[in-house]
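Source file: run07.txt. Holds: compact mmCIF, C-alpha atoms and all ligand atoms.
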# COMPACT_ATOMS: atom_id res chain seq x y z
CA MET W 2 23.28 5.96 -10.54
CA PRO W 3 20.79 7.43 -8.03
CA GLN W 4 21.63 7.45 -4.34
CA ALA W 5 19.48 6.13 -1.51
CA VAL W 6 19.72 5.53 2.25
CA ARG W 7 20.12 1.89 3.28
CA PHE W 8 20.78 -0.13 6.41
CA ASP W 9 21.63 -3.84 6.57
CA GLU W 10 21.03 -4.56 10.25
CA TYR W 11 19.27 -3.05 13.25
CA GLY W 12 21.46 -0.62 15.17
CA GLY W 13 22.55 2.92 15.90
CA LEU W 14 23.20 5.78 13.51
CA ASP W 15 26.30 4.07 12.17
CA VAL W 16 24.26 1.40 10.34
CA LEU W 17 22.85 4.11 8.04
CA ARG W 18 24.69 4.51 4.76
CA ILE W 19 24.25 6.07 1.35
CA VAL W 20 24.47 3.64 -1.55
CA GLU W 21 24.08 3.80 -5.30
CA VAL W 22 20.99 1.92 -6.46
CA ASP W 23 19.43 0.96 -9.77
CA ARG W 24 17.16 3.54 -11.28
CA PRO W 25 13.65 2.61 -10.07
CA VAL W 26 11.09 1.53 -12.67
CA PRO W 27 7.42 2.48 -12.21
CA GLY W 28 4.86 -0.32 -12.38
CA PRO W 29 1.24 0.17 -13.41
CA GLY W 30 -0.37 2.99 -11.45
CA GLN W 31 2.98 4.27 -10.19
CA ALA W 32 5.23 7.28 -10.78
CA VAL W 33 8.94 7.91 -10.34
CA VAL W 34 9.49 11.10 -8.36
CA ARG W 35 12.79 13.01 -8.19
CA VAL W 36 12.85 13.87 -4.50
CA LYS W 37 13.40 17.53 -3.61
CA ALA W 38 12.83 17.06 0.13
CA ALA W 39 11.91 14.22 2.48
CA GLY W 40 11.02 14.55 6.16
CA ILE W 41 12.40 12.29 8.87
CA ASN W 42 10.34 10.85 11.73
CA PRO W 43 11.06 9.26 15.12
CA GLY W 44 9.28 6.06 14.02
CA GLU W 45 12.00 5.50 11.40
CA ALA W 46 14.68 5.71 14.08
CA LYS W 47 12.73 3.20 16.20
CA ILE W 48 12.45 0.81 13.23
CA ARG W 49 16.16 1.16 12.45
CA SER W 50 17.15 0.49 16.06
CA GLY W 51 15.05 -2.69 16.17
CA LEU W 52 12.70 -1.29 18.83
CA LEU W 53 9.67 -2.06 16.63
CA ALA W 54 10.96 -5.38 15.26
CA GLN W 55 7.86 -7.24 16.49
CA ARG W 56 5.32 -4.72 15.25
CA PHE W 57 7.00 -3.38 12.08
CA PRO W 58 9.89 -5.73 11.16
CA ALA W 59 12.53 -4.63 8.63
CA THR W 60 13.79 -6.76 5.76
CA PHE W 61 17.43 -6.16 4.82
CA PRO W 62 18.84 -4.30 3.04
CA SER W 63 16.23 -1.78 4.16
CA GLY W 64 15.50 1.65 2.74
CA GLU W 65 13.89 4.32 4.85
CA GLY W 66 11.43 7.19 4.76
CA SER W 67 7.74 7.83 4.04
CA ASP W 68 7.37 11.60 3.50
CA LEU W 69 8.42 13.15 0.21
CA ALA W 70 7.98 16.04 -2.19
CA GLY W 71 9.46 16.32 -5.66
CA VAL W 72 8.95 16.37 -9.40
CA VAL W 73 7.33 13.56 -11.41
CA GLU W 74 9.98 12.13 -13.71
CA GLU W 75 8.33 9.05 -15.22
CA LEU W 76 4.88 7.46 -15.24
CA GLY W 77 3.88 3.79 -15.25
CA ALA W 78 1.03 2.40 -17.30
CA GLY W 79 -2.48 3.58 -16.59
CA VAL W 80 -1.67 6.68 -14.54
CA THR W 81 -4.14 9.50 -15.12
CA GLY W 82 -4.26 12.99 -13.67
CA LEU W 83 -0.48 13.25 -13.35
CA ALA W 84 2.13 14.40 -15.87
CA VAL W 85 5.91 14.35 -16.10
CA GLY W 86 7.17 17.61 -14.59
CA ASP W 87 4.34 17.96 -12.04
CA GLU W 88 5.37 19.23 -8.61
CA VAL W 89 3.90 16.89 -5.99
CA LEU W 90 3.98 15.83 -2.37
CA GLY W 91 2.99 12.52 -0.89
CA TRP W 92 4.24 9.35 0.67
CA THR W 93 5.47 5.83 0.11
CA ASP W 94 4.61 2.86 2.34
CA ASN W 95 7.78 1.06 1.18
CA ARG W 96 10.39 2.80 3.38
CA ALA W 97 11.98 4.43 0.37
CA SER W 98 11.68 8.23 0.31
CA HIS W 99 15.19 8.98 1.63
CA ALA W 100 16.60 8.75 -1.86
CA GLU W 101 17.12 10.78 -5.01
CA LEU W 102 14.50 8.84 -6.96
CA VAL W 103 11.53 6.94 -5.55
CA VAL W 104 8.68 4.91 -7.01
CA VAL W 105 5.39 6.09 -5.55
CA GLU W 106 1.80 4.98 -6.03
CA ALA W 107 0.26 7.74 -8.14
CA ALA W 108 -2.72 7.67 -5.74
CA HIS W 109 -0.35 8.72 -2.92
CA LEU W 110 0.62 11.99 -4.61
CA VAL W 111 -1.18 15.34 -4.51
CA PRO W 112 -0.27 18.62 -6.24
CA LYS W 113 2.13 20.89 -4.36
CA PRO W 114 0.53 24.33 -3.97
CA ALA W 115 2.81 26.97 -5.49
CA GLY W 116 3.29 28.83 -2.20
CA VAL W 117 4.45 25.79 -0.23
CA SER W 118 8.23 25.29 -0.03
CA TRP W 119 9.85 21.97 -0.91
CA GLU W 120 11.02 21.53 2.68
CA VAL W 121 7.53 21.98 4.11
CA ALA W 122 5.87 19.83 1.43
CA GLY W 123 8.44 17.07 1.92
CA ALA W 124 7.96 17.05 5.68
CA LEU W 125 4.19 17.07 5.76
CA PHE W 126 2.81 13.56 5.39
CA VAL W 127 3.42 11.57 8.59
CA ALA W 128 3.28 14.43 11.07
CA GLY W 129 0.48 16.24 9.24
CA VAL W 130 -1.96 13.39 8.80
CA THR W 131 -1.24 12.16 12.34
CA ALA W 132 -2.04 15.57 13.83
CA TYR W 133 -5.18 15.75 11.69
CA ALA W 134 -6.35 12.31 12.87
CA MET W 135 -5.70 13.19 16.51
CA VAL W 136 -7.70 16.42 16.39
CA ARG W 137 -10.53 14.67 14.54
CA ALA W 138 -10.54 11.77 17.03
CA VAL W 139 -11.40 14.00 19.98
CA SER W 140 -14.15 15.92 18.12
CA LEU W 141 -12.99 19.40 19.07
CA ARG W 142 -15.67 22.09 19.13
CA ALA W 143 -15.38 25.84 19.45
CA GLY W 144 -14.95 26.72 23.11
CA ASP W 145 -13.36 23.40 24.12
CA SER W 146 -10.13 23.39 26.11
CA VAL W 147 -7.49 20.90 24.96
CA VAL W 148 -4.00 20.02 26.19
CA VAL W 149 -1.32 18.88 23.73
CA SER W 150 1.81 17.14 25.05
CA GLY W 151 4.91 17.47 22.88
CA ALA W 152 3.25 20.63 21.59
CA ALA W 153 6.25 21.93 19.66
CA GLY W 154 7.31 18.61 18.10
CA GLY W 155 6.65 17.48 14.55
CA VAL W 156 3.13 16.23 15.26
CA GLY W 157 2.38 18.58 18.16
CA SER W 158 3.26 21.79 16.29
CA ILE W 159 0.65 20.91 13.67
CA ALA W 160 -1.93 19.57 16.15
CA VAL W 161 -1.93 22.78 18.22
CA GLN W 162 -2.68 24.86 15.11
CA LEU W 163 -5.45 22.53 13.86
CA ALA W 164 -6.99 22.53 17.35
CA SER W 165 -6.80 26.32 17.49
CA ASN W 166 -8.34 26.57 13.99
CA ALA W 167 -11.23 24.44 15.33
CA GLY W 168 -11.91 27.16 17.89
CA ALA W 169 -10.46 25.40 20.92
CA THR W 170 -8.40 26.98 23.68
CA VAL W 171 -5.09 25.15 23.38
CA ILE W 172 -2.61 24.50 26.18
CA GLY W 173 0.71 23.25 24.85
CA LEU W 174 3.29 21.40 26.96
CA ALA W 175 6.83 22.15 25.83
CA SER W 176 10.28 23.10 27.03
CA GLU W 177 10.77 26.82 27.63
CA GLY W 178 12.75 27.47 24.48
CA HIS W 179 9.60 26.66 22.50
CA HIS W 180 7.14 28.80 24.46
CA ASP W 181 7.60 31.86 22.30
CA TRP W 182 6.72 29.94 19.10
CA LEU W 183 3.64 28.47 20.81
CA SER W 184 2.47 31.87 22.11
CA ARG W 185 2.83 33.35 18.64
CA HIS W 186 0.52 30.59 17.37
CA GLY W 187 -2.24 31.29 19.88
CA VAL W 188 -1.27 28.50 22.28
CA ILE W 189 -0.91 28.83 26.07
CA PRO W 190 2.54 27.33 26.68
CA LEU W 191 3.30 25.40 29.87
CA THR W 192 6.47 23.64 30.99
CA TYR W 193 6.15 19.87 31.46
CA GLY W 194 7.53 18.00 34.49
CA ASP W 195 6.84 18.35 38.23
CA GLY W 196 3.65 20.27 38.98
CA VAL W 197 2.31 20.14 35.44
CA ALA W 198 -1.20 19.09 36.56
CA ASP W 199 -1.48 22.17 38.80
CA ARG W 200 -0.19 24.43 36.04
CA ILE W 201 -2.79 23.02 33.62
CA ARG W 202 -5.61 23.47 36.17
CA ALA W 203 -4.54 27.05 36.80
CA ALA W 204 -4.25 27.89 33.10
CA SER W 205 -7.58 26.30 32.15
CA GLY W 206 -9.68 27.44 35.06
CA GLY W 207 -10.17 23.80 35.99
CA ARG W 208 -12.11 22.70 32.91
CA MET W 209 -10.39 20.42 30.41
CA ASP W 210 -12.34 18.78 27.58
CA ALA W 211 -9.76 16.90 25.51
CA PHE W 212 -6.13 15.74 25.55
CA LEU W 213 -3.79 14.99 22.64
CA ASP W 214 -0.73 13.02 23.74
CA THR W 215 2.17 12.96 21.28
CA PHE W 216 4.78 11.99 23.88
CA GLY W 217 3.66 8.88 25.78
CA GLY W 218 4.89 8.34 29.34
CA ASP W 219 2.07 8.96 31.81
CA TYR W 220 0.20 11.68 29.93
CA VAL W 221 -2.91 9.51 29.47
CA GLU W 222 -3.07 9.04 33.25
CA LEU W 223 -2.62 12.80 33.64
CA ALA W 224 -5.48 13.45 31.22
CA LEU W 225 -7.77 11.09 33.14
CA ALA W 226 -6.75 12.74 36.43
CA LEU W 227 -7.69 16.11 34.91
CA GLY W 228 -11.20 14.73 34.32
CA VAL W 229 -11.00 14.26 30.54
CA ARG W 230 -13.31 11.50 29.23
CA PRO W 231 -11.43 8.55 27.65
CA ASP W 232 -13.15 9.06 24.29
CA ARG W 233 -11.72 12.59 24.17
CA ILE W 234 -8.14 11.47 24.77
CA ASP W 235 -5.97 10.45 21.82
CA THR W 236 -2.40 9.14 22.21
CA ILE W 237 0.02 8.18 19.44
CA ALA W 238 2.77 6.99 21.76
CA ASN W 239 1.07 4.79 24.40
CA PHE W 240 -0.83 2.07 22.56
CA ALA W 241 -1.44 0.01 25.72
CA ALA W 242 -3.66 2.83 26.98
CA ARG W 243 -6.41 1.90 24.53
CA GLU W 244 -6.91 -1.50 26.14
CA LYS W 245 -6.32 -0.20 29.64
CA TYR W 246 -8.46 2.95 29.63
CA GLY W 247 -10.50 2.95 26.40
CA VAL W 248 -8.73 6.01 24.99
CA LYS W 249 -8.18 6.52 21.25
CA ILE W 250 -4.97 5.87 19.36
CA ASP W 251 -5.79 7.44 15.99
CA GLY W 252 -2.58 8.39 14.17
CA SER W 253 -1.05 8.17 10.71
CA ALA W 254 -2.97 5.03 9.74
CA ALA W 255 -6.28 6.75 10.53
CA GLY W 256 -5.40 10.06 8.86
CA GLY W 257 -3.20 8.96 5.96
CA THR W 258 -5.28 9.66 2.86
CA PRO W 259 -4.58 11.86 -0.17
CA GLU W 260 -7.65 13.92 0.71
CA VAL W 261 -6.30 14.78 4.16
CA LEU W 262 -2.84 15.50 2.75
CA ALA W 263 -4.29 17.80 0.09
CA GLU W 264 -6.41 19.59 2.70
CA LEU W 265 -3.34 20.21 4.87
CA ALA W 266 -1.29 21.41 1.88
CA GLY W 267 -4.14 23.79 1.06
CA LEU W 268 -4.16 25.17 4.62
CA ILE W 269 -0.42 25.82 4.35
CA GLY W 270 -0.82 27.42 0.94
CA SER W 271 -3.49 29.77 2.29
CA GLY W 272 -1.48 30.68 5.38
CA GLN W 273 -3.71 28.91 7.92
CA LEU W 274 -1.08 26.34 8.92
CA GLU W 275 2.66 26.67 9.41
CA ILE W 276 5.15 23.80 9.45
CA PRO W 277 8.25 24.99 11.32
CA ILE W 278 11.40 23.59 9.74
CA ALA W 279 14.02 23.10 12.45
CA ALA W 280 16.85 21.96 10.18
CA VAL W 281 17.64 20.83 6.65
CA TYR W 282 20.36 18.23 5.98
CA ARG W 283 21.79 16.84 2.77
CA LEU W 284 20.92 13.21 2.05
CA SER W 285 24.58 12.39 2.67
CA GLU W 286 24.17 13.83 6.21
CA VAL W 287 21.41 11.37 7.13
CA ARG W 288 23.21 10.26 10.30
CA GLU W 289 23.54 13.87 11.51
CA ALA W 290 19.88 14.47 10.74
CA TYR W 291 18.77 11.54 12.91
CA ARG W 292 21.28 12.45 15.63
CA ASP W 293 19.54 15.82 15.80
CA LEU W 294 16.02 14.27 15.77
CA GLU W 295 16.88 11.65 18.37
CA GLN W 296 17.73 14.36 20.91
CA GLY W 297 13.91 14.55 21.19
CA HIS W 298 13.59 18.34 21.28
CA THR W 299 12.94 19.39 17.69
CA LEU W 300 10.71 22.41 17.02
CA GLY W 301 8.69 21.17 14.04
CA LYS W 302 10.35 19.08 11.37
CA ILE W 303 13.81 18.02 10.18
CA VAL W 304 14.19 17.48 6.44
CA LEU W 305 16.62 15.73 4.10
CA LYS W 306 17.41 17.25 0.71
CA PRO W 307 19.01 15.02 -1.92
N1 LIG L 1 1.06 6.36 16.01
C1 LIG L 1 1.33 7.14 14.98
O1 LIG L 1 0.62 7.11 13.99
C2 LIG L 1 2.48 8.09 15.07
C3 LIG L 1 2.71 8.98 14.02
C4 LIG L 1 3.74 9.91 14.15
C5 LIG L 1 4.53 9.93 15.30
N2 LIG L 1 4.29 9.00 16.28
C6 LIG L 1 5.11 9.00 17.52
O2 LIG L 1 4.75 10.20 18.22
C7 LIG L 1 5.89 10.68 18.93
C8 LIG L 1 6.12 12.15 18.55
O3 LIG L 1 6.50 12.25 17.19
P1 LIG L 1 7.06 13.64 16.64
O4 LIG L 1 7.40 13.44 15.22
O5 LIG L 1 6.17 14.73 17.03
O6 LIG L 1 8.43 13.75 17.51
P2 LIG L 1 9.43 14.98 17.71
O7 LIG L 1 9.25 15.96 16.60
O8 LIG L 1 10.78 14.40 17.95
O9 LIG L 1 8.93 15.71 19.04
C9 LIG L 1 9.23 15.18 20.29
C10 LIG L 1 8.54 16.04 21.35
O10 LIG L 1 8.69 15.42 22.63
C11 LIG L 1 8.78 16.45 23.59
N3 LIG L 1 9.47 15.94 24.80
C12 LIG L 1 10.78 15.56 24.90
N4 LIG L 1 11.02 15.13 26.16
C13 LIG L 1 9.84 15.24 26.85
C14 LIG L 1 9.44 14.93 28.17
N5 LIG L 1 10.29 14.41 29.07
N6 LIG L 1 8.14 15.16 28.52
C15 LIG L 1 7.28 15.68 27.62
N7 LIG L 1 7.59 15.98 26.35
C16 LIG L 1 8.86 15.76 25.97
C17 LIG L 1 9.58 17.52 22.92
O11 LIG L 1 9.25 18.76 23.51
P3 LIG L 1 10.35 19.92 23.75
O12 LIG L 1 11.24 19.88 22.51
O13 LIG L 1 9.53 21.17 23.84
O14 LIG L 1 11.11 19.56 24.99
C18 LIG L 1 9.09 17.43 21.47
O15 LIG L 1 8.01 18.32 21.28
C19 LIG L 1 7.02 9.73 18.61
O16 LIG L 1 7.08 8.77 19.62
C20 LIG L 1 6.59 9.10 17.30
O17 LIG L 1 7.19 7.84 17.09
C21 LIG L 1 3.29 8.10 16.19
Can I see the file as structure tokens?
Amino acid sequence: MPQAVRFDEYGGLDVLRIVEVDRPVPGPGQAVVRVKAAGINPGEAKIRSGLLAQRFPATFPSGEGSDLAGVVEELGAGVTGLAVGDEVLGWTDNRASHAELVVVEAAHLVPKPAGVSWEVAGALFVAGVTAYAMVRAVSLRAGDSVVVSGAAGGVGSIAVQLASNAGATVIGLASEGHHDWLSRHGVIPLTYGDGVADRIRAASGGRMDAFLDTFGGDYVELALALGVRPDRIDTIANFAAREKYGVKIDGSAAGGTPEVLAELAGLIGSGQLEIPIAAVYRLSEVREAYRDLEQGHTLGKIVLKP
């Protein structure tokens, strides 16, 4: 029987377990995918801990995971444009990708370009479409200066490259161990913490056009203090700031379409976008994978491989 991650109550890492489940059956318009790789995301840890119980409640037993890449194993009725054996990447909205087999809406799958690894393809959806939506939300133009907080994280590491591809000068806030990676990707790295506003002013020559906040805390207030207009600030971790300051909160819901996913996969395939893979864990090591992620200092993405 296929294996899948489950949890039966909100809690810490110890509520996560691997169980044997029935083989999933595709309904009309769906496909069964044999998962080769599936990314993990901080939002899943927040859901599991109960932190988002009001906003995104879980029903138990709960599965987990949105991102996935794998091979189509079975098709439901009425699916066109997809064949058994196709290599695909995509997502499920049913908290189910951390498993050996997953039922996916065929419309949520796109072809995996040959040059894209399973790990990268399986880690792309949430972080990729979120970064895409953030960069789009602030309408970056060539010559703009933009700051990205959490610049080396899952979302940030993609956002800095998309912003740079748009012609912007990108300042990335990250811990020192990640500065080298940022520099190699055309980003001006700065350490966060005390004095960060002065460091940003010095690095930018005093002009700052846009701010992408992937961390939360008081980065929206920092962006406003730097003189960035609210409509050119996007945060994915401080939702109250929309009401309070009129900033944008475009994230995965705004960017999560097959067209955006396919565009990002194409950029990776053509070498214009890199997804750094910090670590790969077996499905059976799901607790270790989240322990690693929940330290909060990942460079890029952590991936599970069934
Ligand atoms: N709204 C949405 O649609 C949406 C979608 C995806 C993610 N999110 C949320 O966005 C956040 C980031 O997600 P992610 O996948 O990028 O997470 P991640 O990969 O775990 O990255 C976390 C980042 O936070 C940085 N960081 C840690 N401590 C910090 C501090 N004290 N000050 C400033 N930065 C600090 C880390 O930088 P260093 O490692 O360099 O220290 C790292 O880059 C999470 O809260 C997630 O839930 C929201």
Inset, instruction - Tell me, as a list in words, which residues lie within 9 Å of region 195-200 of chain W, counting only C-alpha atoms; anything in the same chain fewer than 4 positions away does not count. - result: Leu174, Leu191, Ala204, Ser205, Leu223, Ala224, Ala226 and Leu227 of chain W
Written file, previous selection with C-alpha atoms, as a short mmCIF file (atom, residue, chain, number, x, y, z; two decimals), keeping the file's coordinate frame:
data_model
loop_
_atom_site.label_atom_id
_atom_site.label_comp_id
_atom_site.auth_asym_id
_atom_site.auth_seq_id
_atom_site.Cartn_x
_atom_site.Cartn_y
_atom_site.Cartn_z
CA LEU W 174 3.29 21.40 26.96
CA LEU W 191 3.30 25.40 29.87
CA ALA W 204 -4.25 27.89 33.10
CA SER W 205 -7.58 26.30 32.15
CA LEU W 223 -2.62 12.80 33.64
CA ALA W 224 -5.48 13.45 31.22
CA ALA W 226 -6.75 12.74 36.43
CA LEU W 227 -7.69 16.11 34.91
#
Inset, instruction - May I have the protein, DNA and RNA residues with any atom at most 9 Å from the point (0.3, 12.4, 26.9), counting all atoms listed in the file, written as number ranges by chain? - result: W: 148-151, 212-224, 234-239
Inset, instruction - Would you mind telling me which residue in W:Asp68, W:Lys306, W:Ala38, W:Glu75 lies nearest to Ala128 (chain W) when using only C-alpha atoms? - result: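 Among the listed residues, W:Asp68 lies closest to Ala128 (chain W).
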Cut-off 10 Å: closest region 159-278 of chain W/region 90-111 of chain W atom pairs per residue, using all atoms listed in the file, as a tab-separated table:
residue	atom	partner	partner_atom	distance
W:Gly257	CA	W:Trp92	CA	9.1
W:Thr258	CA	W:His109	CA	7.7
W:Pro259	CA	W:His109	CA	5.9
W:Glu260	CA	W:Val111	CA	8.4
W:Leu262	CA	W:Val111	CA	7.4
W:Ala263	CA	W:Val111	CA	6.1
W:Glu264	CA	W:Val111	CA	9.9
W:Ala266	CA	W:Leu90	CA	8.8
Let's have the selection written as a JSON list (two decimals), in the frame of the given file, with C-alpha atoms.
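Saved result, selection08.json, follows:
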[["chain", "number", "residue", "atom", "x", "y", "z"],
["W", 257, "GLY", "CA", -3.20, 8.96, 5.96],
["W", 258, "THR", "CA", -5.28, 9.66, 2.86],
["W", 259, "PRO", "CA", -4.58, 11.86, -0.17],
["W", 260, "GLU", "CA", -7.65, 13.92, 0.71],
["W", 262, "LEU", "CA", -2.84, 15.50, 2.75],
["W", 263, "ALA", "CA", -4.29, 17.80, 0.09],
["W", 264, "GLU", "CA", -6.41, 19.59, 2.70],
["W", 266, "ALA", "CA", -1.29, 21.41, 1.88]]
Please define a box with edges along x, y and z of the file around all atoms of region 196-201 of chain W given in the file, extend it by 5 Å on each side, and return its centre and edge lengths in Å to one decimal, as lines of an AutoDock Vina configuration file.
center_x = 0.4
center_y = 21.8
center_z = 36.3
size_x = 16.4
size_y = 15.3
size_z = 15.4
Legend entry - Among listed residues W:Gln31, W:Asp181, W:Ala39, W:Gly301, nearest Ala122 (chain W) (using all atoms listed in the file):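 Checking each candidate against Ala122 (chain W), we get W:Ala39 as the closest.
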Please identify every residue of chain W that has at least one atom no farther than 7 Å from an atom of ligand LIG 1 (chain L), counting only C-alpha atoms and all ligand atoms, and for each give the shortest atom pair and the distance in Å to one decimal, arranged by chain then increasing number, as a tab-separated table.
residue	atom	partner	partner_atom	distance
W:Asn42	CA	L:LIG1	O4	5.2
W:Pro43	CA	L:LIG1	O17	4.6
W:Gly44	CA	L:LIG1	O17	4.1
W:Val127	CA	L:LIG1	C4	5.8
W:Ala128	CA	L:LIG1	C4	5.5
W:Thr131	CA	L:LIG1	C3	5.3
W:Ser150	CA	L:LIG1	N7	6.0
W:Gly151	CA	L:LIG1	O15	3.6
W:Ala152	CA	L:LIG1	O15	5.3
W:Ala153	CA	L:LIG1	O15	4.3
W:Gly154	CA	L:LIG1	O15	3.3
W:Gly155	CA	L:LIG1	O7	3.6
W:Val156	CA	L:LIG1	O5	3.8
W:Gly157	CA	L:LIG1	O5	5.5
W:Leu174	CA	L:LIG1	N7	6.9
W:Ala175	CA	L:LIG1	O13	3.5
W:Ser176	CA	L:LIG1	O13	3.8
W:Glu177	CA	L:LIG1	O13	6.9
W:His179	CA	L:LIG1	O13	5.7
W:Tyr193	CA	L:LIG1	C15	5.8
W:Gly194	CA	L:LIG1	N6	6.6
W:Thr215	CA	L:LIG1	O2	4.9
W:Phe216	CA	L:LIG1	C7	5.2
W:Ile237	CA	L:LIG1	N1	4.0
W:Ala238	CA	L:LIG1	O16	5.1
W:Ile250	CA	L:LIG1	N1	6.9
W:Asp251	CA	L:LIG1	O1	6.7
W:Gly252	CA	L:LIG1	O1	3.5
W:Ser253	CA	L:LIG1	O1	3.8
W:Ala254	CA	L:LIG1	O1	5.9
W:Leu294	CA	L:LIG1	O8	5.7
W:Glu295	CA	L:LIG1	O8	6.7
W:Gly297	CA	L:LIG1	O8	4.5
W:His298	CA	L:LIG1	O12	3.1
W:Thr299	CA	L:LIG1	O12	5.1
W:Leu300	CA	L:LIG1	O12	6.1
W:Gly301	CA	L:LIG1	O7	5.8
W:Lys302	CA	L:LIG1	O7	6.2
Inset, instruction - Do a neighbour search on region 187-189 of chain W at 7 Å with all atoms listed in the file, toss out local chain neighbours closer than 3 positions, and write the hits as a list in words. - result: Val171, Ile172, Gly173, Leu183 and Ser184 of chain W
Inset, instruction - Considering only C-alpha atoms, state which residue in the set W:Leu141, W:Ile19, W:Val89, W:Leu53 is at the smallest distance from Arg233 (chain W). - result: W:Leu141
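Picture a line from CA of Ser50 (chain W) to CA of Glu10 (chain W); it runs 8.6 Å.
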Inset, instruction - Would you please work out which residue, of W:Ile159, W:Val147, W:Ile303, W:Leu83, is nearest to Arg230 (chain W) when using all atoms listed in the file? - result: W:Val147
Legend entry - Shortest interatomic distance to Glu21 (chain W) - which of W:Pro231, W:Gly116, W:Leu52, W:Ser285, counting all atoms listed in the file: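 Nearest candidate to Glu21 (chain W) out of W:Pro231, W:Gly116, W:Leu52, W:Ser285: W:Ser285.
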Inset, instruction - Go through W:Ala255, W:Ile269, W:Ile201, W:Leu305 and flag the residue nearest Glu120 (chain W), using only C-alpha atoms for the distances. - result: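 Among W:Ala255, W:Ile269, W:Ile201, W:Leu305, it is W:Leu305 that comes nearest to Glu120 (chain W).
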Legend entry - Pairwise distance for CA of Gly206 (chain W) and CA of Ser158 (chain W), rounded to one decimal in Å: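 Computing it gives 23.5 Å between the two atoms.
Our summary of the geometry notes that CA of Ala290 (chain W) is positioned 20.3 Å from CA of Arg35 (chain W).
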Inset, instruction - Skip Gly144 (chain W) itself and residues of its chain fewer than 4 positions away, then list as JSON, numbers by chain all residues within 9 Å of it, counting all atoms listed in the file. - result: {"W": [167, 168, 169, 170]}
